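A quick write-up on the structure given underneath.
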Amino acid sequence: MVRFLSLLIIAAALVIGGATAFCSSTVSTQRRSPRLPPPNLQARRQHNEEPEDVIPSFHRRSLLASTFAAAYYSCCFPSSADAVIELTQPSTNLRPRSKLIDSIFADQMATGMTDYEKEVEKYKSELFQKLFNSLGGENSSGTSVPVIVEVGMGTFPNAKYYAQALSSSTNEVKGLDIVGVDPNSSMSSYAQDNARLYGLSSSLRTVNGVAEDLPFADGSVDAIVTTLTLCSVVDQTKALSEIRRVLKPNGGKFLFWEHVLSEDNKTLALQQTLLNPVQTFSADGCHLNRRTGMNIQKVFDGKVDLNYMTLEGKWVIAPTTFGIATV
């Protein structure tokens with residue numbers, strides 16, 4: 001009966017979603033505060049290298065299509081997890097930020113990355129599935145609920161990969177405890193909307209913070225995810241060291257997907273280098289000329305499944321490194 005209802009919901013969502021894919025209307029949203037506990041609380045492989053519930057806002061989607069999709073994921077996937085990990089003292093290393101600029105940038109990320117996400121969907125889906133297949137078993141709290149921290153979560157475009165991977169994981173994962181860390185507080189409402197769409201609403205907590213100072217105890221996190229994040233951190237080496245610090249020893253996983261300096265096109269690499277100052281200024285600190293894969297190799301002592309590829313039609317953000325590192 002559940003399978004029949006699930007198929008019925010999928011069919012309805014596809015019909016309605018297809019009919020409204022090019023709808024330009026939007027549903028207004030009310031900003032809300034992130035839900036937090038008490039204060040004390042991933043081609044070419046290289047072997048060497050809320051307190052209040054509000055109506056979701058989704059550009060180019062109708063409210064009805066979103067409702068059907070949310071209903072499907074809620075009924076067909078394992079139940080969401082309650083909070084498992086406790087947050088330590090929130091970061092005090094946040095730089096001053098403009099609420100207006102943060103709001104504009106969050107909206108641009110929510111609506112302007114659609115083509116990019118379609119281009120990388122296949123690769124990211126496989127990467128997340130690989131990560132989830134490596135998770136399982138009881139954690140330190142005695143539950144089969146992995147703790148995953150997404151650093152630089154942004155608007156949470158990865159929500160669908162969590163849901164897909166969770167539903168088909170080869171391990172007995174009972175749910176997820178997801179903590180999204182981002183210095184831009186304007187991202188939180190978009191992240192919560194995407195979580196709700198894919199049935200992850202009660203699994204997600206968001207917190208204001210930076211990669212260089214993560215609010216978690218040593219060796220307390222099962223997996224960390226960064227996608228298009230390490231280009232923007234102030235100190236990449238320090239951020240990677242923090243990621244390793246909070247990952248559980250003997251098996252903690254780090255999934256990364258990052259645009260980098262071109263390794264096989266000297267002309268493109270020169271363009272990236274020349275345009276880097278403009279990019280850094282206009283895109284919230286994003287750098288075009290970083291050798292992120294090499295840095296990950298160093299911090300994780302070479303225990304990295306490292307891949308490199310160049311996406312079609314993405315120009316200066318086409319060169320991409322991705323994979324999974326293991327502690």
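Each chain of the structure tokens is named A, B, ... in the order shown, its residues numbered from 1; ligands are numbered from 1 in display order.
Here the strand (DSSP E) residues in region 135-202 of chain A, by DSSP on the backbone, are Val147, Ile148, Val149, Glu150, Val151, Asp177, Ile178, Val179, Gly180, Val181 and Asp182 of chain A.
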Find the spatial neighbours of region 210-224 of chain A, counting only C-alpha atoms, within a cut-off of 8 Å - ignore same-chain residues fewer than 2 positions away - and output them as a VMD selection string. chain A and resid 85 to 91 93 to 94 135 146 to 152 181 to 183 208 226 233 235 to 236 238 to 240 242 to 243 245 to 249 251 to 255
Export N, CA, C and O atoms of the chosen residues as a compact mmCIF listing (two decimals), in the first residue's frame?
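Contents of the output file result37.txt:
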# COMPACT_ATOMS: atom_id res chain seq x y z
N ILE A 85 24.76 15.09 18.18
CA ILE A 85 25.99 15.76 18.60
C ILE A 85 25.67 17.06 19.32
O ILE A 85 24.68 17.73 19.02
N GLU A 86 26.51 17.39 20.29
CA GLU A 86 26.37 18.66 20.99
C GLU A 86 27.34 19.67 20.41
O GLU A 86 28.47 19.33 20.05
N LEU A 87 26.90 20.89 20.31
CA LEU A 87 27.76 21.96 19.83
C LEU A 87 28.56 22.54 20.99
O LEU A 87 28.05 22.69 22.10
N THR A 88 29.80 22.87 20.72
CA THR A 88 30.61 23.54 21.72
C THR A 88 30.36 25.04 21.62
O THR A 88 29.45 25.48 20.92
N GLN A 89 31.18 25.81 22.29
CA GLN A 89 30.99 27.25 22.28
C GLN A 89 31.00 27.78 20.85
O GLN A 89 31.92 27.49 20.09
N PRO A 90 29.97 28.53 20.45
CA PRO A 90 29.93 29.08 19.08
C PRO A 90 31.17 29.90 18.75
O PRO A 90 31.79 30.50 19.63
N SER A 91 31.52 29.91 17.47
CA SER A 91 32.71 30.62 17.02
C SER A 91 32.65 32.10 17.32
O SER A 91 31.61 32.74 17.20
N ASN A 93 35.12 33.96 15.86
CA ASN A 93 36.02 34.48 14.83
C ASN A 93 35.28 34.94 13.58
O ASN A 93 35.84 34.95 12.49
N LEU A 94 34.03 35.31 13.72
CA LEU A 94 33.26 35.76 12.56
C LEU A 94 33.64 37.19 12.19
O LEU A 94 33.70 38.08 13.04
N LEU A 135 29.10 4.67 5.82
CA LEU A 135 28.61 4.99 7.15
C LEU A 135 27.79 3.84 7.71
O LEU A 135 27.29 3.00 6.98
N PRO A 146 24.33 8.68 11.90
CA PRO A 146 25.59 9.37 11.63
C PRO A 146 25.45 10.88 11.80
O PRO A 146 24.40 11.46 11.49
N VAL A 147 26.49 11.48 12.31
CA VAL A 147 26.56 12.94 12.42
C VAL A 147 27.32 13.47 11.22
O VAL A 147 28.49 13.13 11.01
N ILE A 148 26.67 14.28 10.39
CA ILE A 148 27.29 14.86 9.22
C ILE A 148 27.26 16.38 9.34
O ILE A 148 26.20 16.97 9.55
N VAL A 149 28.42 16.98 9.22
CA VAL A 149 28.52 18.44 9.26
C VAL A 149 28.82 18.94 7.86
O VAL A 149 29.78 18.51 7.24
N GLU A 150 27.99 19.82 7.35
CA GLU A 150 28.26 20.44 6.06
C GLU A 150 28.76 21.85 6.30
O GLU A 150 28.02 22.71 6.79
N VAL A 151 30.02 22.06 5.96
CA VAL A 151 30.66 23.35 6.18
C VAL A 151 30.45 24.22 4.95
O VAL A 151 30.76 23.82 3.83
N GLY A 152 29.93 25.42 5.15
CA GLY A 152 29.57 26.27 4.03
C GLY A 152 28.34 25.71 3.34
O GLY A 152 28.29 25.64 2.11
N VAL A 181 26.97 24.58 8.79
CA VAL A 181 27.73 25.71 9.32
C VAL A 181 27.96 26.70 8.19
O VAL A 181 28.46 26.34 7.12
N ASP A 182 27.62 27.94 8.41
CA ASP A 182 27.82 28.97 7.38
C ASP A 182 27.93 30.33 8.05
O ASP A 182 27.18 30.61 9.00
N PRO A 183 28.84 31.19 7.58
CA PRO A 183 28.97 32.52 8.17
C PRO A 183 27.86 33.47 7.75
O PRO A 183 27.65 34.50 8.40
N ASN A 208 25.62 29.64 12.75
CA ASN A 208 26.54 30.64 12.20
C ASN A 208 27.96 30.29 12.63
O ASN A 208 28.23 30.15 13.83
N THR A 226 32.04 19.43 2.17
CA THR A 226 32.17 20.78 1.63
C THR A 226 31.98 20.73 0.13
O THR A 226 32.57 19.88 -0.54
N VAL A 233 37.12 30.11 2.04
CA VAL A 233 37.61 30.25 3.41
C VAL A 233 38.83 31.16 3.44
O VAL A 233 39.59 31.24 2.47
N ASP A 235 41.55 30.98 5.53
CA ASP A 235 42.77 30.21 5.70
C ASP A 235 42.45 28.75 5.39
O ASP A 235 41.94 28.02 6.24
N GLN A 236 42.78 28.29 4.16
CA GLN A 236 42.38 26.96 3.75
C GLN A 236 43.08 25.86 4.55
O GLN A 236 42.45 24.86 4.93
N LYS A 238 44.19 25.99 7.62
CA LYS A 238 43.60 25.94 8.95
C LYS A 238 42.22 25.31 8.92
O LYS A 238 41.85 24.53 9.81
N ALA A 239 41.44 25.62 7.89
CA ALA A 239 40.11 25.04 7.75
C ALA A 239 40.18 23.52 7.59
O ALA A 239 39.42 22.77 8.22
N LEU A 240 41.11 23.05 6.77
CA LEU A 240 41.28 21.61 6.58
C LEU A 240 41.75 20.93 7.85
O LEU A 240 41.34 19.80 8.17
N GLU A 242 41.05 21.93 10.87
CA GLU A 242 39.87 21.89 11.73
C GLU A 242 38.95 20.73 11.34
O GLU A 242 38.41 20.03 12.20
N ILE A 243 38.78 20.54 10.05
CA ILE A 243 37.94 19.44 9.56
C ILE A 243 38.49 18.11 10.04
O ILE A 243 37.75 17.25 10.54
N ARG A 245 40.44 17.66 12.61
CA ARG A 245 40.36 17.61 14.07
C ARG A 245 39.03 17.05 14.57
O ARG A 245 39.01 16.23 15.49
N VAL A 246 37.94 17.50 14.00
CA VAL A 246 36.63 17.11 14.53
C VAL A 246 36.14 15.77 13.99
O VAL A 246 35.19 15.20 14.53
N LEU A 247 36.78 15.25 12.93
CA LEU A 247 36.39 13.95 12.40
C LEU A 247 36.83 12.83 13.34
O LEU A 247 37.88 12.91 13.98
N LYS A 248 36.03 11.79 13.40
CA LYS A 248 36.36 10.65 14.25
C LYS A 248 37.62 9.95 13.75
O LYS A 248 37.78 9.76 12.54
N PRO A 249 38.51 9.57 14.65
CA PRO A 249 39.73 8.86 14.24
C PRO A 249 39.40 7.48 13.69
O PRO A 249 38.36 6.91 13.99
N GLY A 251 38.55 6.36 10.62
CA GLY A 251 37.40 6.15 9.75
C GLY A 251 36.54 7.35 9.43
O GLY A 251 35.63 7.26 8.61
N GLY A 252 36.78 8.50 10.07
CA GLY A 252 36.02 9.69 9.74
C GLY A 252 36.19 10.06 8.27
O GLY A 252 37.28 9.94 7.73
N LYS A 253 35.12 10.52 7.63
CA LYS A 253 35.14 10.79 6.19
C LYS A 253 34.96 12.28 5.88
O LYS A 253 34.18 12.97 6.53
N PHE A 254 35.68 12.71 4.86
CA PHE A 254 35.57 14.10 4.38
C PHE A 254 35.25 14.09 2.89
O PHE A 254 36.09 13.76 2.06
N LEU A 255 34.03 14.42 2.54
CA LEU A 255 33.59 14.51 1.14
C LEU A 255 33.78 15.94 0.67
O LEU A 255 33.32 16.88 1.32
I need the residues of region 104-170 of chain A that end up classed as alpha helix (DSSP H) by DSSP on the backbone, written out as a VMD selection string. chain A and resid 104 to 112 114 to 133 159 to 168
Would you mind telling me which residue in A:Gln271, A:Ser98, A:Thr206, A:Asn158 lies nearest to Val120 (chain A) when using only C-alpha atoms? A:Asn158
Which neighbours of Met113 (chain A) fall inside 12 Å, counting only C-alpha atoms, when residues of the same chain fewer than 3 positions from it are skipped, and could you give them as a PyMOL selection string? chain A and resi 59+105-110+116-121+154-157+228+314
Only N, CA and C atoms, please: the residues just picked out, written as a PDB file, in the first residue's frame.
ATOM      1  N   HIS A  59      11.949  29.293  -6.211  1.00  0.00           N
ATOM      2  CA  HIS A  59      11.818  29.905  -7.509  1.00  0.00           C
ATOM      3  C   HIS A  59      11.649  28.825  -8.560  1.00  0.00           C
ATOM      4  N   PHE A 105      23.372  37.970  -1.728  1.00  0.00           N
ATOM      5  CA  PHE A 105      24.205  36.842  -2.149  1.00  0.00           C
ATOM      6  C   PHE A 105      23.474  35.518  -1.931  1.00  0.00           C
ATOM      7  N   ALA A 106      22.769  35.387  -0.827  1.00  0.00           N
ATOM      8  CA  ALA A 106      22.006  34.160  -0.548  1.00  0.00           C
ATOM      9  C   ALA A 106      20.941  33.941  -1.611  1.00  0.00           C
ATOM     10  N   ASP A 107      20.252  35.004  -2.009  1.00  0.00           N
ATOM     11  CA  ASP A 107      19.226  34.879  -3.043  1.00  0.00           C
ATOM     12  C   ASP A 107      19.835  34.494  -4.383  1.00  0.00           C
ATOM     13  N   GLN A 108      21.013  35.054  -4.701  1.00  0.00           N
ATOM     14  CA  GLN A 108      21.692  34.709  -5.948  1.00  0.00           C
ATOM     15  C   GLN A 108      22.110  33.245  -5.964  1.00  0.00           C
ATOM     16  N   MET A 109      22.591  32.741  -4.826  1.00  0.00           N
ATOM     17  CA  MET A 109      22.993  31.344  -4.738  1.00  0.00           C
ATOM     18  C   MET A 109      21.783  30.414  -4.833  1.00  0.00           C
ATOM     19  N   ALA A 110      20.659  30.846  -4.316  1.00  0.00           N
ATOM     20  CA  ALA A 110      19.447  30.024  -4.343  1.00  0.00           C
ATOM     21  C   ALA A 110      18.842  29.940  -5.736  1.00  0.00           C
ATOM     22  N   TYR A 116      24.409  24.955 -13.043  1.00  0.00           N
ATOM     23  CA  TYR A 116      25.608  24.305 -12.523  1.00  0.00           C
ATOM     24  C   TYR A 116      25.245  23.001 -11.823  1.00  0.00           C
ATOM     25  N   GLU A 117      24.239  23.050 -10.979  1.00  0.00           N
ATOM     26  CA  GLU A 117      23.844  21.855 -10.234  1.00  0.00           C
ATOM     27  C   GLU A 117      23.351  20.745 -11.161  1.00  0.00           C
ATOM     28  N   LYS A 118      22.698  21.091 -12.248  1.00  0.00           N
ATOM     29  CA  LYS A 118      22.268  20.080 -13.217  1.00  0.00           C
ATOM     30  C   LYS A 118      23.470  19.413 -13.872  1.00  0.00           C
ATOM     31  N   GLU A 119      24.501  20.204 -14.157  1.00  0.00           N
ATOM     32  CA  GLU A 119      25.705  19.694 -14.810  1.00  0.00           C
ATOM     33  C   GLU A 119      26.448  18.699 -13.921  1.00  0.00           C
ATOM     34  N   VAL A 120      26.444  18.944 -12.624  1.00  0.00           N
ATOM     35  CA  VAL A 120      27.251  18.111 -11.721  1.00  0.00           C
ATOM     36  C   VAL A 120      26.421  17.057 -10.990  1.00  0.00           C
ATOM     37  N   GLU A 121      25.139  16.999 -11.248  1.00  0.00           N
ATOM     38  CA  GLU A 121      24.243  16.118 -10.485  1.00  0.00           C
ATOM     39  C   GLU A 121      24.696  14.658 -10.478  1.00  0.00           C
ATOM     40  N   GLY A 154      25.444  26.865   2.787  1.00  0.00           N
ATOM     41  CA  GLY A 154      24.735  27.768   1.888  1.00  0.00           C
ATOM     42  C   GLY A 154      23.246  27.492   1.887  1.00  0.00           C
ATOM     43  N   THR A 155      22.654  27.380   0.708  1.00  0.00           N
ATOM     44  CA  THR A 155      21.221  27.146   0.577  1.00  0.00           C
ATOM     45  C   THR A 155      20.860  25.664   0.611  1.00  0.00           C
ATOM     46  N   PHE A 156      21.814  24.801   0.907  1.00  0.00           N
ATOM     47  CA  PHE A 156      21.647  23.353   1.014  1.00  0.00           C
ATOM     48  C   PHE A 156      21.185  22.714  -0.298  1.00  0.00           C
ATOM     49  N   PRO A 157      21.871  22.981  -1.432  1.00  0.00           N
ATOM     50  CA  PRO A 157      21.515  22.327  -2.697  1.00  0.00           C
ATOM     51  C   PRO A 157      21.802  20.831  -2.668  1.00  0.00           C
ATOM     52  N   LEU A 228      31.973  23.564  -2.993  1.00  0.00           N
ATOM     53  CA  LEU A 228      32.192  24.962  -3.361  1.00  0.00           C
ATOM     54  C   LEU A 228      32.315  25.825  -2.109  1.00  0.00           C
ATOM     55  N   LYS A 314      31.726  25.914 -18.085  1.00  0.00           N
ATOM     56  CA  LYS A 314      31.721  26.631 -16.803  1.00  0.00           C
ATOM     57  C   LYS A 314      32.924  27.554 -16.632  1.00  0.00           C
TER      58      LYS A 314
END
Nearest residue to Arg205 (chain A) out of A:Val327, A:Leu100, A:Val84, A:Ala163, using only C-alpha atoms? A:Val84
Quick one: residues within 6 Å of Asn133 (chain A), only C-alpha atoms, excluding same-chain residues fewer than 2 positions away - as a PyMOL selection string? chain A and resi 130-131+135+169-170
With C-alpha atoms retained, could you export that selection as a PDB file, in the first residue's frame?
ATOM      1  CA  LYS A 130      29.787   6.288  -1.802  1.00  0.00           C
ATOM      2  CA  LEU A 131      29.959   8.290   1.394  1.00  0.00           C
ATOM      3  CA  LEU A 135      28.614   4.991   7.152  1.00  0.00           C
ATOM      4  CA  SER A 169      22.396   3.058   1.573  1.00  0.00           C
ATOM      5  CA  THR A 170      23.798  -0.452   1.955  1.00  0.00           C
TER       6      THR A 170
END
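Note that the spacing between CA of Phe132 (chain A) and CA of Glu172 (chain A) amounts to 10.1 Å.
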For region 286-299 of chain A, find every residue with an atom within 8 Å (counting only C-alpha atoms), except residues of its own chain fewer than 5 positions away, and show them as a PyMOL selection string. chain A and resi 49+230-233+237+240-241+244+258-262+269+272-273+275-277+279-281+304+306+316-317+321-322+325
Correct to one decimal, the distance CA of Ala165 (chain A)-CA of Thr229 (chain A) is 21.2 Å
